[in-house]
Amino acid sequence: MNWIALGILMTGGLANVVLTLARAPVAARLAKTPQDVPRVAVSLAVTSFHLAMVAMSLFLTFITTVQVLYADPDPTVVIAPILGALFFAYAYLMARYRSHYLGRLSYQQWVGAAAGETAELYAQAYRERAWIVGWAVAPLALVLIARLVFFGALGTVDEMPAGMHWR
């Protein structure tokens with residue numbers, strides 16, 4: 001089951017890379033005017049990047065939720081969602097409050113740019129799309145709440161019915 005989720009994540013990641021590299025011709029088709037092409041291209045790249053981060057969060061959520069439902073006593077079931085939530089919270093804060101830094105990096109390093117893309121356009125797109133990365137924290141927080149509820153309701157691993165626990 002985890003392989004299926006990993007395959008979906010990798011397919012989404014590949015789609016993200018292809019869209020980022022091909023953003024100029026895609027934006028040329030989507031833009032209403034030729035002057036909008038750079039703004040649309042930047043918006044596509046940043047939105048795709050943020051959605052890939054949400055996909056990573058959902059993958060980590062899926063993996064840890066399965067372990068929670070099977071009452072895995074391993075401490076990584078708690079540590080992984082906490083670290084993941086911290087990582088995505090940091091990514092949100094960077095996109096929201098350090099967008100000029102991320103915009104400069106993206107402008108310098110992302111190939112496939114449309115003519116007229118600027119670091120300022122990237123910074124604006126990061127600020128406007130920061131909420132997408134903010135949503136990546138929610139599933140991991142729900143995993144931690146589920147762990148509290150299930151272990152609180154079901155008791156310890158030893159008290160659970162035979163065959164319900166992870167190992």
# chains A, B, ... in the order shown; residues from 1 in each chain; ligands from 1
$ select_by_dssp --residues "range 76-139 of chain A" --states "helix (DSSP H, G or I)" --output "JSON, numbers by chain"
{"A": [76, 77, 78, 79, 80, 81, 82, 83, 84, 85, 86, 87, 88, 89, 90, 91, 92, 93, 94, 95, 96, 97, 99, 100, 101, 102, 103, 104, 105, 106, 107, 108, 109, 119, 120, 121, 122, 123, 124, 125, 126, 127, 128, 129, 130, 131, 132, 133, 134, 137, 138, 139]}
$ closest_atom_pairs --of "range 58-146 of chain A" --to "range 27-32 of chain A" --cutoff "12 Å" --atoms "only C-alpha atoms" --output "tab-separated table"
residue	atom	partner	partner_atom	distance
A:Gly112	CA	A:Ala27	CA	11.1
A:Ala113	CA	A:Ala27	CA	10.1
A:Ala114	CA	A:Ala27	CA	8.1
A:Ala115	CA	A:Ala28	CA	10.4
A:Glu117	CA	A:Ala27	CA	11.5
$ residues_around --residues "Ala138 in chain A" --least-positions-apart "2" --cutoff "12 Å" --atoms "only C-alpha atoms" --output "ChimeraX atom specification"
/A:54,57-58,60-61,81-82,84-86,88-89,131-136,140-145
$ residues_around --residues "Ala15 in chain A" --least-positions-apart "2" --cutoff "12 Å" --atoms "only C-alpha atoms" --output "PyMOL selection string"
chain A and resi 8-13+17-23+44-45+48-49+51-52+55
$ closest_residue --among "A:Ala80, A:Asp72, A:Trp3, A:Tyr122" --to "Gln109 in chain A" --atoms "only C-alpha atoms"
A:Tyr122
